[in-house]
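J.: Structure file data24.txt (compact mmCIF, C-alpha atoms) right here:
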```txt
# COMPACT_ATOMS: atom_id res chain seq x y z
CA MET A 20 74.91 -6.21 -11.18
CA ASP A 21 75.26 -10.00 -11.17
CA VAL A 22 72.51 -12.56 -10.81
CA ASP A 23 73.06 -13.13 -7.08
CA GLU A 24 72.67 -9.43 -6.30
CA ILE A 25 69.46 -9.26 -8.29
CA GLU A 26 67.96 -12.26 -6.46
CA GLU A 27 69.00 -10.80 -3.09
CA GLU A 28 67.34 -7.49 -3.93
CA GLU A 29 64.08 -9.19 -4.99
CA PHE A 30 64.11 -11.33 -1.83
CA GLY A 31 64.64 -8.26 0.34
CA PHE A 32 61.75 -6.43 -1.33
CA SER A 33 59.39 -9.40 -0.81
CA ARG A 34 60.47 -9.82 2.81
CA ASN A 35 59.95 -6.13 3.58
CA TYR A 36 56.51 -6.20 1.93
CA PHE A 37 55.17 -9.07 4.05
CA LEU A 38 56.89 -7.70 7.18
CA ALA A 39 55.11 -4.38 6.68
CA LYS A 40 51.76 -6.13 6.24
CA GLU A 41 52.30 -8.12 9.42
CA LEU A 42 53.28 -5.08 11.49
CA GLY A 43 50.34 -3.08 10.12
CA SER A 44 47.78 -5.72 11.02
CA SER A 45 49.15 -6.22 14.52
CA SER A 46 49.13 -2.51 15.33
CA ARG A 47 45.62 -1.92 14.01
CA LYS A 48 43.09 -1.42 16.80
CA LYS A 49 39.39 -2.05 16.73
CA SER A 50 37.22 1.04 16.83
CA ALA A 51 35.28 1.51 20.05
CA ARG A 52 32.65 3.66 18.35
CA LYS A 53 29.08 2.37 18.19
CA LEU A 54 26.21 3.17 15.87
CA SER A 55 24.11 4.15 18.88
CA GLU A 56 26.58 6.95 19.66
CA ILE A 57 25.91 8.74 16.36
CA ASP A 58 24.10 12.02 16.86
CA LEU A 59 20.98 11.32 14.81
CA VAL A 60 18.75 13.97 13.26
CA ASP A 61 15.10 14.20 14.26
CA GLU A 62 13.09 12.28 11.68
CA GLU A 63 10.46 14.99 11.24
CA GLU A 64 13.18 17.56 10.54
CA LEU A 65 14.89 15.23 8.09
CA ARG A 66 11.64 14.56 6.23
CA GLU A 67 10.89 18.30 6.02
CA VAL A 68 14.29 18.90 4.45
CA ALA A 69 13.73 16.02 2.02
CA ALA A 70 10.28 17.38 1.11
CA SER A 71 11.72 20.83 0.42
CA ILE A 72 13.98 19.53 -2.35
CA GLU A 73 12.75 21.12 -5.55
CA PRO A 74 11.78 18.69 -8.33
CA LYS A 75 13.75 18.85 -11.54
CA HIS A 76 12.66 18.60 -15.17
CA GLU A 77 9.03 19.35 -14.30
CA LYS A 78 8.09 20.18 -17.89
CA GLU A 79 9.45 16.89 -19.24
CA VAL A 80 7.87 14.87 -16.42
CA ASN A 81 4.46 16.52 -16.98
CA GLU A 82 4.65 15.71 -20.68
CA LEU A 83 5.51 12.12 -19.79
CA ILE A 84 2.51 11.82 -17.44
CA SER A 85 0.25 13.35 -20.12
CA SER A 86 1.41 10.67 -22.56
CA TYR A 87 0.39 8.00 -20.05
CA LYS A 88 -3.04 9.59 -19.57
CA SER A 89 -3.65 9.24 -23.31
CA LEU A 90 -3.41 5.45 -22.75
CA TYR A 91 -6.30 5.30 -20.26
CA SER A 92 -8.80 4.10 -22.88
CA LYS A 93 -6.38 1.37 -23.97
CA TRP A 94 -5.81 0.25 -20.38
CA LEU A 95 -9.57 0.08 -19.81
CA PHE A 96 -9.96 -2.05 -22.93
CA VAL A 97 -7.22 -4.38 -21.64
CA LEU A 98 -9.04 -4.75 -18.30
CA ARG A 99 -12.37 -5.44 -20.00
CA SER A 100 -10.63 -8.09 -22.10
CA GLY A 101 -9.79 -10.00 -18.92
CA PHE A 102 -6.15 -9.06 -18.37
CA ALA A 103 -4.56 -7.44 -15.32
CA LEU A 104 -2.43 -4.29 -15.57
CA LEU A 105 1.06 -4.29 -14.03
CA MET A 106 2.76 -0.88 -13.84
CA TYR A 107 6.54 -0.82 -13.55
CA GLY A 108 9.28 1.76 -13.92
CA PHE A 109 11.21 4.25 -11.79
CA GLY A 110 9.14 6.53 -9.56
CA SER A 111 5.96 6.30 -7.51
CA LYS A 112 2.99 5.13 -9.58
CA LYS A 113 0.41 5.67 -6.83
CA ALA A 114 -0.94 8.99 -8.16
CA LEU A 115 -1.03 7.72 -11.76
CA ILE A 116 -2.98 4.56 -10.89
CA GLU A 117 -5.48 6.42 -8.70
CA ASP A 118 -5.98 9.06 -11.41
CA PHE A 119 -6.68 6.27 -13.92
CA ALA A 120 -9.22 4.74 -11.52
CA SER A 121 -10.96 8.06 -10.81
CA LYS A 122 -11.36 8.87 -14.52
CA SER A 123 -11.77 5.51 -16.28
CA LEU A 124 -13.18 3.10 -13.67
CA THR A 125 -16.13 5.22 -12.54
CA GLU A 126 -18.63 2.55 -13.62
CA TYR A 127 -17.07 -0.05 -11.34
CA SER A 128 -16.46 -0.45 -7.63
CA VAL A 129 -12.79 -0.08 -6.70
CA VAL A 130 -10.88 -1.43 -3.69
CA VAL A 131 -7.41 -0.04 -2.90
CA VAL A 132 -4.71 -2.15 -1.22
CA ASN A 133 -1.56 -0.38 -0.04
CA GLY A 134 1.16 -3.00 -0.31
CA TYR A 135 3.78 -0.70 1.20
CA LEU A 136 2.21 -1.24 4.65
CA GLN A 137 3.81 -3.72 7.01
CA SER A 138 0.71 -5.90 7.38
CA ILE A 139 -2.42 -6.35 5.27
CA ASN A 140 -5.58 -8.36 5.94
CA LEU A 141 -6.26 -10.03 2.59
CA LYS A 142 -9.30 -11.88 3.93
CA GLN A 143 -10.99 -8.54 4.64
CA VAL A 144 -10.04 -7.36 1.15
CA VAL A 145 -11.75 -10.38 -0.42
CA ILE A 146 -14.83 -9.87 1.78
CA THR A 147 -15.07 -6.26 0.63
CA LEU A 148 -14.71 -7.30 -3.02
CA ALA A 149 -17.52 -9.85 -2.64
CA GLU A 150 -19.83 -7.35 -0.92
CA LEU A 151 -19.25 -4.73 -3.61
CA LEU A 152 -19.80 -7.26 -6.39
CA TRP A 153 -23.04 -8.40 -4.78
CA ASP A 154 -24.21 -4.78 -4.54
CA GLN A 155 -23.52 -4.36 -8.26
CA VAL A 156 -25.40 -7.54 -9.13
CA LYS A 157 -28.45 -6.51 -7.07
CA LEU A 158 -28.48 -3.04 -8.63
CA ARG A 159 -28.22 -4.29 -12.21
CA GLN A 160 -30.79 -7.04 -11.80
CA LYS A 161 -33.20 -4.63 -10.15
CA THR A 162 -32.70 -2.17 -13.02
CA THR A 163 -33.22 -4.75 -15.77
CA SER A 164 -35.90 -7.01 -14.32
CA GLY A 165 -37.37 -4.89 -11.54
CA SER A 166 -37.05 -7.75 -9.04
CA LEU A 167 -34.49 -8.32 -6.33
CA CYS A 168 -32.24 -11.38 -6.46
CA LYS A 169 -32.21 -13.93 -3.67
CA SER A 170 -30.35 -13.08 -0.49
CA GLN A 171 -26.83 -14.32 0.24
CA GLN A 172 -25.17 -15.70 3.34
CA PRO A 173 -23.18 -12.89 5.03
CA PHE A 174 -19.79 -12.74 3.38
CA ASN A 175 -17.87 -12.14 6.61
CA THR A 176 -18.91 -15.62 7.80
CA ARG A 177 -17.67 -17.42 4.67
CA SER A 178 -14.35 -19.14 4.13
CA MET A 179 -11.75 -17.79 1.74
CA SER A 180 -12.45 -20.56 -0.79
CA ASP A 181 -16.20 -19.78 -0.74
CA LEU A 182 -15.51 -16.08 -1.30
CA LEU A 183 -13.22 -16.81 -4.25
CA THR A 184 -15.83 -19.17 -5.69
CA PHE A 185 -18.42 -16.40 -5.53
CA LEU A 186 -16.07 -13.90 -7.22
CA ASP A 187 -15.50 -16.46 -9.98
CA SER A 188 -19.12 -17.62 -10.20
CA PRO A 189 -20.55 -18.05 -13.73
CA ASP A 190 -24.09 -18.06 -12.28
CA LEU A 191 -24.35 -14.31 -11.68
CA GLU A 192 -25.65 -13.87 -15.26
CA VAL A 193 -24.78 -10.19 -15.39
CA GLU A 194 -22.82 -9.06 -18.42
CA GLU A 195 -19.50 -7.30 -17.80
CA CYS A 196 -20.01 -7.08 -14.05
CA PHE A 197 -16.74 -6.90 -12.18
CA VAL A 198 -14.99 -5.10 -9.34
CA CYS A 199 -11.50 -3.62 -9.54
CA ILE A 200 -8.69 -3.98 -7.06
CA LEU A 201 -5.77 -1.53 -7.08
CA VAL A 202 -2.64 -2.90 -5.41
CA HIS A 203 0.03 -0.29 -4.81
CA ASN A 204 3.39 -2.06 -4.48
CA ILE A 205 2.27 -5.66 -4.90
CA ASP A 206 5.90 -6.46 -4.07
CA GLY A 207 5.70 -4.52 -0.79
CA PRO A 208 6.86 -5.86 2.61
CA GLY A 209 3.37 -6.91 3.69
CA LEU A 210 2.76 -8.97 0.54
CA ARG A 211 6.12 -10.56 -0.30
CA ASP A 212 5.45 -13.95 1.28
CA SER A 213 4.35 -16.81 -0.96
CA ASP A 214 0.94 -17.22 0.73
CA SER A 215 -0.01 -13.58 0.11
CA GLN A 216 1.13 -13.74 -3.50
CA GLN A 217 -0.82 -16.94 -4.12
CA CYS A 218 -3.90 -15.35 -2.56
CA LEU A 219 -3.54 -12.29 -4.80
CA ALA A 220 -3.08 -14.56 -7.84
CA SER A 221 -6.28 -16.42 -6.94
CA ILE A 222 -8.14 -13.10 -6.62
CA ALA A 223 -6.85 -11.89 -10.00
CA ALA A 224 -7.92 -15.16 -11.63
CA CYS A 225 -11.58 -14.64 -10.65
CA SER A 226 -13.78 -13.80 -13.64
CA HIS A 227 -15.50 -10.88 -11.85
CA VAL A 228 -12.31 -9.21 -10.63
CA ARG A 229 -9.90 -6.95 -12.50
CA MET A 230 -6.53 -6.06 -10.99
CA VAL A 231 -4.26 -3.04 -11.45
CA ALA A 232 -0.95 -3.32 -9.62
CA SER A 233 2.47 -1.71 -9.42
CA ILE A 234 5.95 -3.04 -8.65
CA ASP A 235 9.16 -1.24 -7.72
CA HIS A 236 11.67 -3.91 -6.74
CA VAL A 237 13.91 -5.11 -9.58
CA ASN A 238 13.44 -8.73 -8.45
CA ALA A 239 9.66 -8.55 -8.04
CA PRO A 240 8.92 -11.03 -10.89
CA LEU A 241 10.75 -13.71 -8.89
CA LEU A 242 7.73 -13.76 -6.55
CA TRP A 243 5.68 -15.59 -9.20
CA ASP A 244 5.95 -18.89 -10.99
CA LYS A 245 4.95 -19.56 -14.58
CA LYS A 246 1.38 -20.57 -13.68
CA MET A 247 0.78 -17.44 -11.61
CA VAL A 248 2.09 -15.14 -14.36
CA HIS A 249 0.34 -16.66 -17.38
CA THR A 250 -2.87 -18.23 -16.06
CA GLN A 251 -3.75 -16.38 -12.85
CA PHE A 252 -2.45 -12.81 -12.92
CA ASP A 253 -2.33 -12.77 -16.72
CA TRP A 254 -0.34 -9.53 -16.67
CA TYR A 255 -0.32 -6.83 -19.31
CA TRP A 256 2.97 -5.09 -18.57
CA CYS A 257 3.01 -1.28 -18.72
CA HIS A 258 6.34 0.55 -18.56
CA VAL A 259 5.40 3.86 -16.92
CA PRO A 260 8.40 5.53 -15.24
CA THR A 261 7.01 8.63 -13.53
CA PHE A 262 10.16 9.85 -11.73
CA ALA A 263 7.83 10.91 -8.90
CA PRO A 264 9.14 10.75 -5.30
CA TYR A 265 7.86 8.00 -3.03
CA LYS A 266 6.41 10.46 -0.51
CA VAL A 267 3.51 8.41 0.86
CA GLU A 268 5.23 5.04 0.55
CA SER A 269 8.35 6.20 2.39
CA MET A 270 6.35 7.46 5.37
CA PHE A 271 6.14 3.88 6.63
CA PHE A 272 9.88 3.26 6.48
CA PRO A 273 12.06 5.04 9.06
CA PHE A 274 15.12 6.89 7.82
CA ILE A 275 18.37 5.16 8.84
CA LEU A 276 20.03 8.32 10.20
CA ALA A 277 16.99 9.67 12.03
CA HIS A 278 15.09 8.99 15.21
CA GLY A 279 11.36 9.46 15.64
CA GLY A 280 9.99 12.27 17.74
CA SER A 281 6.70 12.56 19.61
CA ALA A 282 5.27 14.67 16.81
CA GLN A 283 6.22 12.11 14.15
CA SER A 284 3.15 9.90 14.73
CA VAL A 285 0.88 12.93 14.28
CA LYS A 286 2.72 13.95 11.13
CA THR A 287 2.51 10.43 9.71
CA ALA A 288 -1.19 10.11 10.51
CA SER A 289 -1.87 13.54 8.98
CA ILE A 290 -0.17 12.62 5.71
CA VAL A 291 -2.04 9.30 5.55
CA LEU A 292 -5.40 10.98 6.19
CA GLN A 293 -4.74 13.62 3.54
CA SER A 294 -4.30 10.83 1.00
CA LEU A 295 -7.79 9.45 1.80
CA THR A 296 -11.16 10.63 0.50
CA PRO A 297 -12.98 13.53 2.26
CA ASN A 298 -15.64 11.10 3.52
CA ALA A 299 -13.00 8.83 5.05
CA GLN A 300 -11.41 11.85 6.73
CA ASN A 301 -14.78 12.90 8.17
CA VAL A 302 -15.46 9.39 9.48
CA PHE A 303 -12.09 9.48 11.25
CA LYS A 304 -12.93 12.94 12.60
CA VAL A 305 -16.20 11.63 14.10
CA LEU A 306 -14.25 8.93 15.93
CA ALA A 307 -11.60 11.41 17.09
CA GLU A 308 -14.17 13.91 18.41
CA HIS A 309 -15.94 11.15 20.34
CA GLN A 310 -12.66 10.03 21.89
CA LEU A 311 -11.83 13.59 22.98
CA ALA A 312 -15.32 14.15 24.40
CA HIS A 313 -15.33 10.83 26.29
CA PRO A 314 -11.74 10.31 27.51
CA ASP A 315 -12.81 7.85 30.21
CA GLU A 316 -14.52 5.44 27.81
CA GLU A 317 -12.74 2.44 26.28
CA GLY A 318 -13.62 3.52 22.76
CA MET A 319 -16.53 4.21 20.43
CA PRO A 320 -18.81 1.22 19.67
CA ILE A 321 -18.91 0.42 15.95
CA ASN A 322 -22.73 0.59 15.91
CA ASN A 323 -22.66 4.10 17.38
CA LEU A 324 -20.09 5.20 14.82
CA TYR A 325 -22.22 3.83 11.98
CA SER A 326 -25.35 5.60 13.28
CA THR A 327 -23.54 8.94 13.63
CA CYS A 328 -21.91 8.70 10.20
CA ARG A 329 -25.19 7.74 8.56
CA GLU A 330 -26.97 10.70 10.18
CA ARG A 331 -24.29 13.00 8.76
CA PHE A 332 -24.54 11.34 5.31
CA LEU A 333 -20.92 10.22 5.44
CA VAL A 334 -21.72 6.56 4.66
CA SER A 335 -24.64 4.92 2.92
CA SER A 336 -24.20 1.39 4.26
CA GLN A 337 -22.26 -0.74 6.70
CA VAL A 338 -20.14 -1.96 3.76
CA THR A 339 -18.92 1.58 3.08
CA LEU A 340 -18.04 2.12 6.74
CA ASN A 341 -16.22 -1.23 6.88
CA SER A 342 -14.10 -0.27 3.87
CA HIS A 343 -13.07 2.97 5.64
CA LEU A 344 -12.31 1.12 8.87
CA THR A 345 -10.24 -1.48 7.01
CA GLU A 346 -8.18 1.32 5.49
CA PHE A 347 -7.71 2.92 8.92
CA LYS A 348 -6.59 -0.42 10.39
CA ASP A 349 -4.19 -1.09 7.53
CA HIS A 350 -2.57 2.29 8.18
CA GLU A 351 -2.60 1.58 11.94
CA LEU A 352 -4.68 4.70 12.59
CA ILE A 353 -7.18 2.88 14.82
CA LYS A 354 -7.32 -0.16 17.07
CA THR A 355 -10.20 -2.44 18.00
CA LYS A 356 -10.87 -3.69 21.51
CA ARG A 357 -13.81 -5.10 23.43
CA ASN A 358 -15.32 -3.09 26.29
CA SER A 359 -16.76 -4.39 29.55
CA ASP A 360 -20.19 -4.84 27.90
CA GLY A 361 -18.76 -7.12 25.22
CA GLN A 362 -19.07 -4.54 22.42
CA ASP A 363 -16.37 -4.06 19.83
CA CYS A 364 -15.05 -0.52 20.20
CA LEU A 365 -12.72 1.61 18.12
CA CYS A 366 -10.02 3.87 19.50
CA ILE A 367 -7.22 5.99 18.09
CA PRO A 368 -3.81 5.19 19.67
CA LEU A 369 -2.83 8.82 20.24
CA THR A 370 -2.83 11.12 23.25
CA ASN A 371 -5.53 13.77 23.48
CA GLU A 372 -3.01 16.52 22.71
CA ALA A 373 -1.76 14.69 19.61
CA LEU A 374 -5.34 13.97 18.55
CA GLN A 375 -6.28 17.66 18.77
CA LYS A 376 -3.30 18.56 16.56
CA LEU A 377 -4.31 15.88 14.09
CA ILE A 378 -7.90 17.15 13.84
CA ALA A 379 -6.60 20.68 13.28
CA ASP A 380 -4.42 19.40 10.43
CA ILE A 381 -7.27 17.70 8.57
CA VAL A 382 -9.90 20.43 8.98
```
Would you put the structure from the file into structure tokens?
T.:
Amino acid sequence: MDVDEIEEEEFGFSRNYFLAKELGSSSRKKSARKLSEIDLVDEEELREVAASIEPKHEKEVNELISSYKSLYSKWLFVLRSGFALLMYGFGSKKALIEDFASKSLTEYSVVVVNGYLQSINLKQVVITLAELLWDQVKLRQKTTSGSLCKSQQPFNTRSMSDLLTFLDSPDLEVEECFVCILVHNIDGPGLRDSDSQQCLASIAACSHVRMVASIDHVNAPLLWDKKMVHTQFDWYWCHVPTFAPYKVESMFFPFILAHGGSAQSVKTASIVLQSLTPNAQNVFKVLAEHQLAHPDEEGMPINNLYSTCRERFLVSSQVTLNSHLTEFKDHELIKTKRNSDGQDCLCIPLTNEALQKLIADIV
């Protein structure tokens, strides 16, 4: 085969290649199928199937969790030394952090913030922290000196800067008096903006506040600058992969290949309520029973709810009730509206039938 024949063969191969590409692209048709035409599974059914998946390596995971529990005393020492704890690693850390709080932080008041929610009222969180700290100060001063300290301006009327100043006040003169804030998923969707992160950093920097938080996103540290990391949050990093499923956290994110059913809101509310304390569940039940008994009313006045809950020994103060209500609002279990008499009323955004099913689930 001479040189000319070889060149002609190579040219023919190249020409046929590009001709085939051209013909293929011209004959290709766009698909007329749409995502909306996909036959989606009911979300409740999909979640039930996901929940029925049996966990693997239970023995190894339990041993791993036990090794973390042996660190509780060390973590408490770190908090008392003025640092904040940041839990990271694969798996939900919600149960681990709450177990640590229930066993090692019993001497301190604890506020829980669920960062996996879509919206969070950080001003109300700071108000609650200030009220709990003030309760601690009054109790300790009364115990040591027998006299009550001077009264304070109501915290819910103060500005954010005034509240932070109080939480960082050196004038409280009470040794090792602080409140703890647990932030599940500090990198969650409701806290990812710069303003929320700066607010959380300012809270963590207060001398009478100790923070325990968790992260799950690989890029979470990019939310903070050098000042926030080293002088405000002052993190003590704890690598605690639990390999636990994100059951509670995932309830607030719809599955891509599922659509919600009418029973889904009841199921979601039931799971949220089961994760709360028995007292919080009973407070919600009081509100639900009132709504079922008075379907024509616009809601239950907050004062009436407080009186009923106090009579049943469910709350000891308005502060305790407010903390429960804040948690309900964060989980979108209740709504607030003003009735014709100008009173702030609480209502549960569910039908009576759904509300009855919900009460039956939490009994």
J.: Can you build me a table of stretch 52-161 of chain A residues sitting at most 9 Å from stretch 171-179 of chain A, with the closest atom pair per residue and its distance in Å to one decimal, using all atoms listed in the file, sorted by chain and residue number, as JSON lines?
T.:
```
{"residue": "A:Lys142", "atom": "CA", "partner": "A:Met179", "partner_atom": "CA", "distance": 6.8}
{"residue": "A:Gln143", "atom": "CA", "partner": "A:Asn175", "partner_atom": "CA", "distance": 8.0}
{"residue": "A:Val145", "atom": "CA", "partner": "A:Met179", "partner_atom": "CA", "distance": 7.7}
{"residue": "A:Ile146", "atom": "CA", "partner": "A:Phe174", "partner_atom": "CA", "distance": 5.9}
{"residue": "A:Thr147", "atom": "CA", "partner": "A:Phe174", "partner_atom": "CA", "distance": 8.5}
{"residue": "A:Ala149", "atom": "CA", "partner": "A:Phe174", "partner_atom": "CA", "distance": 7.1}
{"residue": "A:Glu150", "atom": "CA", "partner": "A:Phe174", "partner_atom": "CA", "distance": 6.9}
{"residue": "A:Trp153", "atom": "CA", "partner": "A:Gln171", "partner_atom": "CA", "distance": 8.6}
```
J.: Extract, using all atoms listed in the file, all DNA, RNA and protein residues at most 10 Å from A:Leu186, discarding same-chain residues fewer than 4 positions from it, and format them as a ChimeraX atom specification.
T.: /A:145-146,148-150,152-153,180-182,191,197-198,222-228
J.: Extract, using all atoms listed in the file, all DNA, RNA and protein residues at most 12 Å from A:Leu377, discarding same-chain residues fewer than 5 positions from it, and format them as a list in words.
T.: Ala282, Gln283, Ser284, Val285, Lys286, Thr287, Ala288, Ser289, Ile290, Val291, Leu292, Gln293, Gln300, Phe303, Lys304, Ala307, Glu308, Leu311, Leu352, Ile367, Leu369, Thr370, Asn371, Glu372 and Val382 of chain A
J.: Find the residue from A:Leu324, A:Leu333, A:Leu374, A:Leu210 that sits nearest to A:Gln137; use only C-alpha atoms when measuring.
T.: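 For A:Gln137, the nearest of the given residues is A:Leu210.
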J.: Which residues, protein or nucleic acid, reach to within 7 Å of (1.1, -3.2, -11.2) in the file's coordinates when using all atoms listed in the file, and can you give that as a list in words?
T.: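 Protein and nucleic acid residues near the point are Leu104, Leu105, Met106, Tyr107, Val202, Ile205, Val231, Ala232, Ser233 and Ile234 of chain A.
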J.: Output C-alpha atoms for every residue in the selection just made, as a CSV table (one decimal), keeping the file's coordinate frame.
T.:
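To be explicit, this is the file written out as out21.csv:
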```
chain,number,residue,atom,x,y,z
A,104,LEU,CA,-2.4,-4.3,-15.6
A,105,LEU,CA,1.1,-4.3,-14.0
A,106,MET,CA,2.8,-0.9,-13.8
A,107,TYR,CA,6.5,-0.8,-13.6
A,202,VAL,CA,-2.6,-2.9,-5.4
A,205,ILE,CA,2.3,-5.7,-4.9
A,231,VAL,CA,-4.3,-3.0,-11.4
A,232,ALA,CA,-1.0,-3.3,-9.6
A,233,SER,CA,2.5,-1.7,-9.4
A,234,ILE,CA,6.0,-3.0,-8.6
```
J.: As an exercise, work out the distance from atom CA of A:Leu98 to atom CA of A:Met230 in Å and give it to one decimal place.
T.: 7.8 Å
J.: What's around A:Pro74 at 10 Å? Count all atoms listed in the file, leave out sequence neighbours fewer than 2 positions away in its own chain, and write the answer as a ChimeraX atom specification.
T.: /A:70-72,76-77,80,262-264
